[in-house]
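Colleague: Dropping in model.txt, which is compact mmCIF, C-alpha atoms:
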```txt
# COMPACT_ATOMS: atom_id res chain seq x y z
CA MET A 1 55.09 -26.89 90.91
CA MET A 2 57.17 -25.52 88.09
CA LYS A 3 56.33 -28.57 85.99
CA LYS A 4 52.61 -27.95 86.44
CA SER A 5 53.03 -24.28 85.63
CA ALA A 6 55.01 -25.06 82.48
CA LEU A 7 52.43 -27.63 81.47
CA SER A 8 49.62 -25.13 81.95
CA VAL A 9 51.42 -22.54 79.88
CA PHE A 10 52.00 -25.12 77.14
CA VAL A 11 48.32 -26.15 77.12
CA LEU A 12 47.15 -22.54 76.99
CA LEU A 13 49.58 -21.84 74.19
CA CYS A 14 48.29 -24.80 72.20
CA ILE A 15 44.69 -23.73 72.76
CA SER A 16 45.54 -20.20 71.70
CA ILE A 17 47.29 -21.37 68.53
CA THR A 18 44.42 -23.74 67.74
CA TRP A 19 41.81 -21.05 68.31
CA ASN A 20 43.67 -18.45 66.30
CA GLY A 21 44.27 -20.96 63.54
CA ALA A 22 40.57 -21.76 63.43
CA SER A 23 39.79 -18.06 63.22
CA ILE A 24 42.17 -17.64 60.32
CA VAL A 25 40.72 -20.63 58.50
CA LYS A 26 37.21 -19.44 59.18
CA GLY A 27 38.06 -15.94 57.98
CA GLU A 28 39.58 -17.27 54.80
CA SER A 29 36.56 -19.46 54.12
CA GLN A 30 34.00 -16.69 54.40
CA THR A 31 34.66 -15.29 50.91
CA ARG A 32 36.30 -16.21 47.66
CA THR A 33 37.20 -14.21 44.58
CA VAL A 34 35.87 -14.77 41.06
CA THR A 35 36.60 -12.89 37.86
CA ASP A 36 33.48 -11.87 35.97
CA MET A 37 33.13 -11.57 32.20
CA LEU A 38 34.24 -7.93 32.19
CA GLY A 39 37.48 -8.86 33.93
CA ARG A 40 36.37 -7.51 37.32
CA GLU A 41 37.55 -9.37 40.40
CA VAL A 42 34.58 -9.80 42.71
CA ASP A 43 34.60 -11.12 46.27
CA ILE A 44 31.60 -13.37 46.89
CA PRO A 45 30.45 -15.52 49.82
CA GLN A 46 31.94 -18.98 49.94
CA GLU A 47 28.39 -20.36 49.82
CA VAL A 48 25.85 -18.56 47.64
CA ASP A 49 22.25 -19.37 48.53
CA GLU A 50 20.20 -16.41 47.28
CA VAL A 51 20.53 -14.55 43.98
CA VAL A 52 18.85 -12.18 41.57
CA GLY A 53 19.33 -11.80 37.82
CA ILE A 54 18.82 -8.46 36.14
CA GLU A 55 18.67 -7.33 32.51
CA ALA A 56 17.67 -9.40 29.48
CA GLY A 57 18.44 -13.11 29.73
CA ALA A 58 19.81 -13.18 33.27
CA LEU A 59 16.81 -14.94 34.81
CA ARG A 60 16.69 -17.33 31.86
CA LEU A 61 20.28 -18.41 32.50
CA LEU A 62 19.57 -18.95 36.20
CA VAL A 63 16.63 -21.20 35.28
CA TYR A 64 18.84 -23.09 32.82
CA MET A 65 21.30 -23.61 35.68
CA GLU A 66 18.53 -25.06 37.89
CA ALA A 67 18.87 -22.13 40.28
CA LYS A 68 15.24 -20.93 40.24
CA ASP A 69 14.82 -21.78 43.93
CA MET A 70 17.71 -19.44 44.77
CA VAL A 71 16.01 -16.47 43.11
CA VAL A 72 14.63 -14.03 45.71
CA GLY A 73 13.23 -11.37 43.37
CA VAL A 74 12.55 -10.67 39.70
CA GLU A 75 12.17 -7.62 37.50
CA GLU A 76 8.67 -6.25 37.06
CA PHE A 77 8.69 -7.28 33.39
CA GLU A 78 9.10 -10.94 34.38
CA LYS A 79 6.06 -10.65 36.66
CA ARG A 80 3.68 -9.13 34.13
CA ASP A 81 4.74 -10.93 30.94
CA GLY A 82 4.87 -14.71 31.00
CA ASN A 83 5.33 -15.41 27.30
CA ARG A 84 8.78 -16.93 27.58
CA PRO A 85 9.46 -20.64 28.09
CA TYR A 86 11.32 -20.25 31.39
CA ILE A 87 8.33 -18.39 32.88
CA MET A 88 5.76 -20.73 31.32
CA ALA A 89 7.56 -23.68 32.89
CA ASN A 90 8.05 -21.92 36.23
CA PRO A 91 5.10 -19.55 36.77
CA GLU A 92 5.93 -19.31 40.47
CA LEU A 93 8.73 -16.94 39.49
CA GLN A 94 6.04 -14.34 38.79
CA ASN A 95 5.10 -14.45 42.47
CA LYS A 96 8.58 -13.35 43.52
CA THR A 97 9.06 -9.87 44.94
CA SER A 98 9.68 -7.13 42.39
CA ILE A 99 13.22 -5.80 42.27
CA GLY A 100 12.39 -2.96 39.88
CA PRO A 101 11.86 -2.34 36.16
CA GLN A 102 13.37 -4.38 33.34
CA HIS A 103 16.88 -3.70 32.10
CA GLY A 104 18.52 -3.40 35.49
CA GLY A 105 16.02 -3.31 38.32
CA ASP A 106 16.21 -0.82 41.20
CA ALA A 107 19.10 -0.67 43.69
CA GLU A 108 16.91 -0.10 46.75
CA LEU A 109 14.49 -2.90 45.88
CA ILE A 110 17.37 -5.28 45.19
CA THR A 111 18.99 -4.37 48.51
CA SER A 112 15.75 -5.03 50.37
CA GLN A 113 15.84 -8.66 49.15
CA ASP A 114 19.48 -8.98 50.28
CA PRO A 115 20.70 -11.59 47.77
CA ASP A 116 24.20 -13.00 48.14
CA VAL A 117 25.09 -11.97 44.56
CA ILE A 118 23.58 -10.09 41.63
CA PHE A 119 24.02 -11.47 38.10
CA TRP A 120 23.83 -8.74 35.45
CA THR A 121 23.83 -9.24 31.67
CA TYR A 122 24.44 -6.56 29.03
CA THR A 123 26.14 -4.14 31.42
CA THR A 124 29.42 -2.27 31.70
CA GLY A 125 32.14 -2.33 34.31
CA GLY A 126 31.23 1.16 35.47
CA LYS A 127 27.57 0.33 35.95
CA ALA A 128 28.39 -2.92 37.72
CA ASP A 129 30.76 -1.13 40.11
CA GLU A 130 28.16 1.55 40.78
CA LEU A 131 25.40 -0.95 41.61
CA GLN A 132 27.77 -2.94 43.80
CA GLU A 133 28.69 0.21 45.71
CA LYS A 134 25.04 1.25 46.13
CA THR A 135 23.84 -2.14 47.35
CA GLY A 136 26.89 -3.53 49.09
CA ILE A 137 26.16 -6.77 47.22
CA PRO A 138 28.63 -8.45 44.82
CA VAL A 139 27.69 -7.81 41.18
CA ILE A 140 28.78 -10.38 38.60
CA ALA A 141 28.69 -9.22 34.99
CA LEU A 142 27.75 -11.75 32.33
CA ASN A 143 28.06 -11.64 28.55
CA TYR A 144 25.19 -13.48 26.86
CA GLY A 145 26.72 -14.78 23.64
CA ASP A 146 24.84 -16.82 21.05
CA LEU A 147 24.86 -20.32 19.52
CA ASN A 148 26.93 -19.38 16.47
CA GLU A 149 30.28 -17.56 16.56
CA LYS A 150 29.75 -16.49 20.19
CA ARG A 151 28.83 -19.91 21.52
CA GLY A 152 32.04 -19.87 23.54
CA THR A 153 30.86 -16.67 25.23
CA PHE A 154 27.54 -18.30 26.11
CA TYR A 155 29.38 -21.31 27.54
CA SER A 156 31.67 -19.02 29.53
CA ALA A 157 28.60 -17.43 31.11
CA LEU A 158 27.37 -20.88 32.13
CA ASP A 159 30.83 -21.70 33.49
CA LEU A 160 30.89 -18.55 35.59
CA ILE A 161 27.41 -19.12 37.02
CA GLY A 162 28.34 -22.73 37.70
CA ASN A 163 31.45 -21.63 39.57
CA VAL A 164 29.59 -19.06 41.68
CA LEU A 165 26.74 -21.41 42.53
CA LYS A 166 28.94 -24.52 42.70
CA LYS A 167 26.87 -26.15 39.97
CA GLU A 168 29.68 -27.15 37.64
CA ARG A 169 28.03 -30.47 36.86
CA ARG A 170 24.95 -28.70 35.53
CA THR A 171 27.16 -26.49 33.37
CA ASP A 172 28.74 -29.56 31.79
CA GLU A 173 25.30 -31.10 31.21
CA LEU A 174 24.07 -28.01 29.39
CA LYS A 175 27.12 -27.62 27.18
CA ASP A 176 26.98 -31.29 26.25
CA PHE A 177 23.25 -31.02 25.47
CA PHE A 178 23.70 -28.02 23.16
CA ASN A 179 26.67 -29.59 21.39
CA ARG A 180 24.92 -32.92 20.84
CA THR A 181 21.71 -31.29 19.60
CA ILE A 182 23.48 -29.00 17.14
CA GLU A 183 25.63 -31.91 15.93
CA ASP A 184 22.47 -34.01 15.34
CA LEU A 185 20.95 -31.24 13.20
CA ASP A 186 24.17 -30.95 11.21
CA GLU A 187 24.52 -34.70 10.69
CA ARG A 188 21.01 -34.90 9.28
CA THR A 189 21.55 -32.17 6.70
CA LYS A 190 25.23 -31.63 5.95
CA ASP A 191 25.29 -33.85 2.86
CA VAL A 192 22.16 -32.47 1.18
CA PRO A 193 23.26 -31.44 -2.35
CA SER A 194 23.17 -27.71 -2.96
CA ASP A 195 20.77 -28.05 -5.89
CA GLN A 196 18.28 -29.81 -3.59
CA LYS A 197 18.22 -26.99 -1.06
CA PRO A 198 15.33 -24.57 -1.56
CA ARG A 199 16.04 -20.85 -1.30
CA CYS A 200 14.87 -19.69 2.14
CA TYR A 201 14.14 -16.43 3.86
CA VAL A 202 12.99 -15.62 7.41
CA GLY A 203 11.07 -12.43 8.11
CA GLY A 204 9.37 -10.79 11.06
CA ILE A 205 12.42 -11.17 13.32
CA GLY A 206 12.03 -9.21 16.55
CA HIS A 207 14.76 -6.65 17.13
CA LYS A 208 14.15 -4.19 19.96
CA GLY A 209 10.47 -4.66 19.20
CA PRO A 210 8.33 -6.36 16.53
CA HIS A 211 9.01 -5.89 12.81
CA GLY A 212 7.52 -6.96 9.49
CA ILE A 213 8.78 -9.01 6.57
CA LYS A 214 11.82 -6.79 5.98
CA SER A 215 13.38 -7.78 9.33
CA THR A 216 15.73 -10.74 8.93
CA GLU A 217 19.02 -12.22 10.12
CA PRO A 218 21.81 -13.27 7.74
CA ASP A 219 23.16 -15.66 10.41
CA TYR A 220 19.79 -17.03 11.50
CA SER A 221 20.85 -19.94 13.71
CA PRO A 222 18.20 -22.50 12.67
CA PHE A 223 19.21 -22.01 9.03
CA GLU A 224 22.87 -22.42 10.00
CA PHE A 225 22.20 -25.61 11.98
CA VAL A 226 20.30 -27.36 9.15
CA ASN A 227 22.62 -26.05 6.44
CA ALA A 228 19.82 -24.17 4.70
CA LYS A 229 20.29 -21.85 1.73
CA ASN A 230 19.56 -18.48 3.34
CA THR A 231 18.95 -15.88 0.65
CA ALA A 232 20.00 -13.13 3.08
CA GLY A 233 23.16 -14.97 4.04
CA GLU A 234 25.28 -12.75 1.82
CA LEU A 235 24.63 -9.74 4.05
CA GLU A 236 27.38 -9.00 6.55
CA THR A 237 25.36 -7.83 9.54
CA ASP A 238 23.87 -9.52 12.60
CA HIS A 239 20.45 -8.07 11.80
CA ALA A 240 19.14 -6.52 8.59
CA MET A 241 16.15 -4.54 7.34
CA VAL A 242 15.83 -5.58 3.70
CA ASP A 243 14.16 -3.56 0.94
CA PRO A 244 11.12 -5.29 -0.59
CA GLU A 245 12.76 -5.11 -4.01
CA GLN A 246 15.67 -7.15 -2.70
CA ILE A 247 13.39 -9.85 -1.27
CA ILE A 248 11.60 -10.03 -4.63
CA GLU A 249 14.92 -10.31 -6.44
CA TRP A 250 16.09 -13.10 -4.14
CA ASN A 251 12.78 -14.86 -4.87
CA PRO A 252 12.85 -17.33 -1.95
CA GLU A 253 11.04 -20.60 -2.50
CA ILE A 254 10.15 -20.92 1.19
CA ILE A 255 9.57 -18.11 3.69
CA PHE A 256 9.52 -18.63 7.44
CA VAL A 257 7.81 -16.01 9.57
CA ASP A 258 8.85 -15.35 13.16
CA GLU A 259 5.46 -15.19 14.84
CA ALA A 260 6.45 -12.23 17.01
CA GLY A 261 6.10 -10.20 13.82
CA TYR A 262 3.34 -12.23 12.16
CA GLY A 263 0.74 -9.46 12.31
CA LEU A 264 3.08 -7.00 10.64
CA VAL A 265 4.21 -9.54 8.04
CA LYS A 266 0.60 -10.34 7.22
CA LYS A 267 -0.13 -6.64 6.81
CA ASN A 268 2.93 -6.23 4.58
CA LEU A 269 1.87 -9.06 2.29
CA LYS A 270 -1.81 -8.14 2.15
CA ASN A 271 -1.04 -4.49 1.38
CA SER A 272 1.55 -5.10 -1.32
CA SER A 273 0.55 -7.21 -4.30
CA GLU A 274 4.15 -7.02 -5.57
CA TYR A 275 5.06 -9.77 -3.11
CA SER A 276 2.75 -12.13 -5.00
CA THR A 277 5.48 -12.68 -7.59
CA ILE A 278 7.71 -14.42 -5.04
CA ASP A 279 7.73 -18.20 -5.46
CA ALA A 280 7.10 -18.85 -1.75
CA VAL A 281 4.06 -16.56 -1.77
CA GLU A 282 2.68 -17.81 -5.07
CA ASN A 283 2.96 -21.43 -3.94
CA SER A 284 1.76 -20.79 -0.34
CA GLU A 285 5.10 -21.90 1.09
CA LEU A 286 5.00 -19.63 4.14
CA TYR A 287 5.50 -21.18 7.57
CA GLY A 288 5.23 -19.83 11.09
CA VAL A 289 8.02 -20.40 13.61
CA LEU A 290 8.08 -19.57 17.31
CA PRO A 291 9.60 -16.22 18.29
CA TYR A 292 13.05 -16.68 19.77
CA ASN A 293 14.06 -13.06 20.45
CA TYR A 294 12.05 -12.22 23.57
CA TYR A 295 14.01 -10.34 26.25
CA THR A 296 17.03 -11.52 24.27
CA THR A 297 17.63 -14.97 22.81
CA ASN A 298 15.59 -17.99 23.87
CA TYR A 299 18.14 -20.70 23.15
CA GLY A 300 15.65 -23.53 23.53
CA THR A 301 13.36 -21.99 20.93
CA ILE A 302 16.26 -21.74 18.49
CA LEU A 303 16.78 -25.50 18.75
CA ALA A 304 13.04 -26.18 18.52
CA ASN A 305 12.71 -24.01 15.41
CA SER A 306 15.68 -25.79 13.87
CA TYR A 307 13.92 -29.16 13.98
CA TYR A 308 10.72 -27.72 12.53
CA ILE A 309 12.54 -25.88 9.74
CA GLY A 310 14.57 -29.01 8.98
CA SER A 311 11.37 -31.04 8.68
CA VAL A 312 9.92 -28.51 6.22
CA LEU A 313 13.04 -28.27 4.06
CA TYR A 314 14.08 -31.93 4.10
CA GLU A 315 11.11 -33.99 5.22
CA ASP A 316 12.81 -37.34 4.67
CA ARG A 317 15.76 -36.35 6.88
CA PHE A 318 13.47 -35.70 9.85
CA ASP A 319 10.78 -38.33 9.34
CA ASP A 320 11.87 -40.10 12.54
CA ILE A 321 11.23 -37.00 14.63
CA ASP A 322 7.99 -36.47 16.53
CA LEU A 323 8.13 -32.68 16.60
CA GLU A 324 5.99 -32.17 19.70
CA GLU A 325 8.00 -34.76 21.62
CA LYS A 326 11.33 -33.30 20.48
CA VAL A 327 10.38 -29.72 21.37
CA ASN A 328 9.13 -30.78 24.78
CA GLN A 329 12.39 -32.65 25.39
CA ILE A 330 14.35 -29.50 24.60
CA TYR A 331 12.32 -27.30 26.92
CA GLN A 332 12.28 -29.98 29.62
CA LYS A 333 16.05 -30.09 29.60
CA LEU A 334 16.50 -26.32 29.74
CA VAL A 335 13.63 -24.94 31.79
CA GLY A 336 12.32 -27.99 33.63
CA GLU A 337 9.09 -28.64 31.75
CA GLY A 338 7.87 -29.23 28.20
CA VAL A 339 5.92 -26.14 27.12
CA TYR A 340 5.19 -26.95 23.47
CA ASP A 341 1.43 -26.47 23.87
CA GLU A 342 1.81 -23.24 25.83
CA MET A 343 4.11 -21.73 23.20
CA ASN A 344 1.76 -22.76 20.40
CA ASP A 345 -1.24 -21.30 22.23
CA SER A 346 0.57 -18.00 22.80
CA PHE A 347 2.07 -17.50 19.35
CA GLY A 348 0.27 -19.71 16.83
CA GLY A 349 2.71 -22.55 16.59
CA TYR A 350 4.37 -24.39 13.73
CA LYS A 351 2.10 -24.32 10.71
CA ASN A 352 1.64 -23.30 7.11
CA LEU A 353 0.38 -19.72 6.92
CA ASN A 354 -2.48 -18.93 4.56
CA ILE A 355 -2.23 -15.23 3.75
CA ASP A 356 -4.27 -13.60 0.97
CA ILE A 357 -1.82 -11.38 -0.82
CA GLY A 358 -2.91 -7.91 -1.92
CA SER A 359 -6.45 -8.26 -0.54
CA ASP A 360 -6.36 -5.42 1.98
CA GLY A 361 -5.15 -1.88 1.67
CA ASN A 362 -4.04 -2.23 -1.96
CA ILE A 363 -6.42 -0.21 -4.16
CA SER A 364 -4.93 -1.39 -7.45
CA TRP A 365 -7.81 -3.78 -8.15
CA TYR A 366 -10.47 -1.31 -7.03
CA VAL A 367 -9.71 1.12 -9.83
CA PRO A 368 -10.57 -1.11 -12.84
CA PHE A 369 -13.51 -2.52 -10.90
CA ALA A 370 -14.87 0.95 -10.19
CA VAL A 371 -14.34 2.04 -13.80
CA GLY A 372 -16.17 -1.04 -15.00
CA VAL A 373 -19.11 -0.34 -12.71
CA VAL A 374 -19.36 3.26 -13.89
CA ILE A 375 -19.26 2.24 -17.56
CA SER A 376 -21.88 -0.44 -17.00
CA PHE A 377 -24.27 1.94 -15.29
CA GLY A 378 -23.55 4.48 -18.03
CA PHE A 379 -24.65 2.04 -20.72
CA ILE A 380 -27.76 1.06 -18.75
CA PHE A 381 -28.72 4.68 -18.25
CA TYR A 382 -28.11 5.46 -21.94
CA TYR A 383 -30.27 2.58 -23.25
CA GLN A 384 -33.09 3.29 -20.78
CA LYS A 385 -33.15 6.89 -21.93
CA ARG A 386 -33.31 5.88 -25.61
CA LYS A 387 -36.20 3.49 -24.94
CA LYS A 388 -38.21 6.29 -23.35
CA ARG A 389 -37.84 8.29 -26.55
```
Could the structure of this file be written out as C-alpha cells, please?

Modeller:
Amino acid sequence: MMKKSALSVFVLLCISITWNGASIVKGESQTRTVTDMLGREVDIPQEVDEVVGIEAGALRLLVYMEAKDMVVGVEEFEKRDGNRPYIMANPELQNKTSIGPQHGGDAELITSQDPDVIFWTYTTGGKADELQEKTGIPVIALNYGDLNEKRGTFYSALDLIGNVLKKERRTDELKDFFNRTIEDLDERTKDVPSDQKPRCYVGGIGHKGPHGIKSTEPDYSPFEFVNAKNTAGELETDHAMVDPEQIIEWNPEIIFVDEAGYGLVKKNLKNSSEYSTIDAVENSELYGVLPYNYYTTNYGTILANSYYIGSVLYEDRFDDIDLEEKVNQIYQKLVGEGVYDEMNDSFGGYKNLNIDIGSDGNISWYVPFAVGVVISFGFIFYYQKRKKR
C-alpha cells in the first residue's frame, strides 16, 4: 500500500513539474525583447502577424520587406495619394482602414486596428514612449537613412524590421540588391576621364514641398552613383537653394529637372531670360527625371534615375541597358511590380524637355517692340497728314 502511495506521489510530482515547466516555457515564449533604433528596449510578441507603419517612409519599408499583407491600416495620406511606386504596385493598400493623418496617425484609430507592433520613422524616444503608453502596443522607432553616407542606417532599419517580422532572408536580399546595383553603376562610370564628364546640375528637387530650379542637392545620389560632375557638389549641405547668379556662373552643360518641381522650373526659365546664357539651356540639354522625394526618399526611383542619367551623360556606357526593362526590374524587386508606365504617366517620364526661355512673364522684349510699333504708326500718321495738305 505504501509502495502504491509513494508511486502516486512520484507521478503527481512529475506531472506537476512537467506542467509548471511547460508554463514557464510558454510564458517565456510569449514575448521577446528588441532594441529599436533610438536605443529603446521594446517587448514584442514572439510572433508578429499584424503591423502598421506611421510617418514618412514607414509603409514603404514594410512593402520592401514583403510585409504588405501584415498591414492592418494606413495613414489617410496613403489612401488619398497614390503617386508613389509602393502604392502604384499595391493599390489594395489604399483600401485599408485609416489610422489617422500623415506624420504619425491617431492613437485611438491605431488602437482600434490592434496591430501587434507599430513601426514609426522620424520620431523621438519621448513620442514613441507616449504612443506606446496610449495604445498599449509596442512602438518600434526606425531611422530612415539614405543610400550615401547613411546607407548603413537604412540597412539597420531593414535589419530591425527583418528581426521583428522574422524576415531576415528578405533583409539580406534587399541589401545585396542595393549593393550590386550601386556597384554596377560605379563600374560603368568610374574610369570616365574628368575632361569627358559634362558639368551637371539638378533642379526642382522636392524638399518639404515642390520647388523651382534653385532647389538642388550637392550629394544627389544618382550623380554620386554614376560619378557625374555635379556643379553644386562643392556646397556642404544636404539640400541647397541656389541663387540664379550662381547657377549661371556654374554654367552647367546638362540640367536635370526633378519632375515634382517641373512646373515651377518651367516658370523660372520662361520668366527669366538670363538663364538663356547657360549652356544647357542654350543647347536644349534639359532632361526630366522622376521625383524621388515623395513622403521621404523613394529608393527605387533613385536607382532608376541613376540609370537614365548615366545613359544621358555616357551613352556608350549604358548602350546595353533597356531603360524600361531595367526600371521595371528595380521596382519589381522592391515593391512587387514594375511601374515604369505608371510613373511616366503620373510625372512625365524620362525625356528631353523643350522649354522656351524668356517667352512668358518677361517684358524685356515687349518694350522695344512697343516702341517700334509707336514709331511706325507715328510715321504713317505724319505722312498721311502731309499728303492731305

Colleague: What lies within 8 Å of Ile309 in chain A using all atoms listed in the file, ignoring chain neighbours under 3 positions off, as a list in words?

Modeller: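 Contacts, in chain order: Pro222, Phe223, Val226, Asn305, Ser306, Val312 and Leu313 of chain A.
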
Colleague: From the list A:Ser156, A:Tyr295, A:Tyr220, A:Glu315, which residue is nearest Glu78 in chain A when using all atoms listed in the file?

Modeller: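 That would be A:Tyr295, the residue with the smallest distance to Glu78 in chain A.
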
Colleague: Could you check the closest approach to Lys96 in chain A for each of A:Asp243, A:Glu75, A:Glu55, A:Glu168 and tell me which residue wins, using only C-alpha atoms?

Modeller: A:Glu75

Colleague: Can you measure CA of Glu50 in chain A to CA of Gly338 in chain A for me? One decimal in Å is fine.

Modeller: 26.1 Å

Colleague: One number please: CA of Ser112 in chain A to CA of Ser98 in chain A, in Å, one decimal.

Modeller: 10.2 Å

Colleague: Which distance in Å separates CA of Glu285 in chain A and CA of Asp191 in chain A, to one decimal?

Modeller: 23.5 Å

Colleague: Can you tell me which residues surround range 265-282 of chain A at a distance of at most 12 Å, considering all atoms listed in the file, apart from same-chain residues fewer than 5 positions away, and format the answer as a PyMOL selection string?

Modeller: chain A and resi 198-206+210-216+243-260+287-288+352-365

Colleague: Need the shell around Asp146 in chain A: protein/DNA/RNA residues with any atom at most 9 Å away, counting only C-alpha atoms. Skip same-chain ones fewer than 4 positions apart. Format as number ranges by chain?

Modeller: A: 150-154, 221, 297, 299

Colleague: Using only C-alpha atoms, what does the table of range 64-156 of chain A residues within 12 Å of range 44-48 of chain A look like, with each row giving the shortest atom pair and its distance in Å to one decimal, sorted by chain and ascending number, as CSV?

Modeller:
```
residue,atom,partner,partner_atom,distance
A:Ala67,CA,A:Val48,CA,10.8
A:Met70,CA,A:Val48,CA,8.7
A:Val71,CA,A:Val48,CA,11.0
A:Asp114,CA,A:Val48,CA,11.8
A:Pro115,CA,A:Val48,CA,8.7
A:Asp116,CA,A:Val48,CA,5.8
A:Val117,CA,A:Ile44,CA,7.1
A:Ile118,CA,A:Ile44,CA,10.1
A:Phe119,CA,A:Ile44,CA,11.8
A:Gln132,CA,A:Ile44,CA,11.5
A:Gly136,CA,A:Ile44,CA,11.1
A:Ile137,CA,A:Ile44,CA,8.6
A:Pro138,CA,A:Ile44,CA,6.1
A:Val139,CA,A:Ile44,CA,8.9
A:Ile140,CA,A:Ile44,CA,9.3
```

Colleague: Tell me which protein, DNA and RNA residues are within 9 Å of Ala107 in chain A, counting all atoms listed in the file, leaving out same-chain ones fewer than 6 positions away, and put them as a ChimeraX atom specification.

Modeller: /A:99-100,131-132,134-135

Colleague: Can you write just those residues out, C-alpha atoms, as a compact mmCIF listing (two decimals), keeping the file's coordinate frame?

Modeller:
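Output file out.txt follows:
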```
# COMPACT_ATOMS: atom_id res chain seq x y z
CA ILE A 99 13.22 -5.80 42.27
CA GLY A 100 12.39 -2.96 39.88
CA LEU A 131 25.40 -0.95 41.61
CA GLN A 132 27.77 -2.94 43.80
CA LYS A 134 25.04 1.25 46.13
CA THR A 135 23.84 -2.14 47.35
```

Colleague: From (7.8, -24.4, 29.7), in the file's coordinates, out to 6 Å: which residues are reached, counting all atoms listed in the file? Answer as a list of chain:residue names.

Modeller: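 Those residues, ordered by chain and then number, are A:Pro85, A:Tyr86, A:Met88, A:Ala89, A:Glu337, A:Gly338, A:Val339.
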
Colleague: Considering all atoms listed in the file, return as a list in words whatever protein or nucleic-acid residues lie within 12 Å of Asp316 in chain A, sequence-local ones (same chain, fewer than 6 positions apart) excluded.

Modeller: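 Here the answer would be Arg188, Thr189, Val192 and Gly310 of chain A.
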
Colleague: Would you please work out which residue, of A:Gly336, A:Leu158, A:Arg40, A:Leu109, is nearest to Pro91 in chain A when using all atoms listed in the file?

Modeller: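 Answer, going by the shortest atom-to-atom distance: A:Gly336.
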
Colleague: Tell me which of A:Gly73, A:Gly105, A:Gly209, A:Gly233 sits closest to Tyr294 in chain A, counting only C-alpha atoms.

Modeller: A:Gly209

Colleague: Using only C-alpha atoms, can you tell me which of A:Glu342, A:Glu187, A:Asp219, A:Glu130 comes closest to Leu290 in chain A?

Modeller: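 Ranked by minimum distance to Leu290 in chain A, first place goes to A:Glu342.
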
Colleague: With distances taken over all atoms listed in the file, which residue among A:Asp176, A:Asp159, A:Asp81, A:Asp322 lies nearest Leu61 in chain A?

Modeller: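 Answer, going by the shortest atom-to-atom distance: A:Asp159.
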
Colleague: As JSON, please report the centre and edge lengths, rounded to one decimal in Å, of the axis-aligned box that holds all listed atoms of range 206-220 of chain A with 8 Å of padding on each of the six sides.

Modeller:
```
{"center_x": 15.3, "center_y": -10.6, "center_z": 13.0, "size_x": 31.6, "size_y": 28.8, "size_z": 30.0}
```

Colleague: For range 217-228 of chain A, supply N, CA and C atoms and format the output as a compact mmCIF listing (two decimals), keeping the file's coordinate frame.

Modeller:
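Okay, part20.txt is ready:
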```txt
# COMPACT_ATOMS: atom_id res chain seq x y z
N GLU A 217 17.68 -12.02 9.58
CA GLU A 217 19.02 -12.22 10.12
C GLU A 217 19.84 -13.07 9.15
N PRO A 218 20.94 -12.52 8.66
CA PRO A 218 21.81 -13.27 7.74
C PRO A 218 22.40 -14.53 8.38
N ASP A 219 22.60 -14.50 9.70
CA ASP A 219 23.16 -15.66 10.41
C ASP A 219 22.10 -16.35 11.26
N TYR A 220 20.89 -16.42 10.75
CA TYR A 220 19.79 -17.03 11.50
C TYR A 220 20.18 -18.45 11.91
N SER A 221 20.28 -18.68 13.20
CA SER A 221 20.85 -19.94 13.71
C SER A 221 20.17 -21.20 13.19
N PRO A 222 18.82 -21.28 13.20
CA PRO A 222 18.20 -22.50 12.67
C PRO A 222 18.60 -22.81 11.24
N PHE A 223 18.75 -21.78 10.40
CA PHE A 223 19.21 -22.01 9.03
C PHE A 223 20.64 -22.55 9.04
N GLU A 224 21.47 -21.98 9.90
CA GLU A 224 22.87 -22.42 10.00
C GLU A 224 22.93 -23.89 10.42
N PHE A 225 22.13 -24.26 11.41
CA PHE A 225 22.20 -25.61 11.98
C PHE A 225 21.73 -26.69 11.01
N VAL A 226 20.78 -26.35 10.11
CA VAL A 226 20.30 -27.36 9.15
C VAL A 226 20.86 -27.10 7.76
N ASN A 227 21.91 -26.29 7.70
CA ASN A 227 22.62 -26.05 6.44
C ASN A 227 21.69 -25.58 5.32
N ALA A 228 20.78 -24.68 5.68
CA ALA A 228 19.82 -24.17 4.70
C ALA A 228 20.46 -23.13 3.80
```
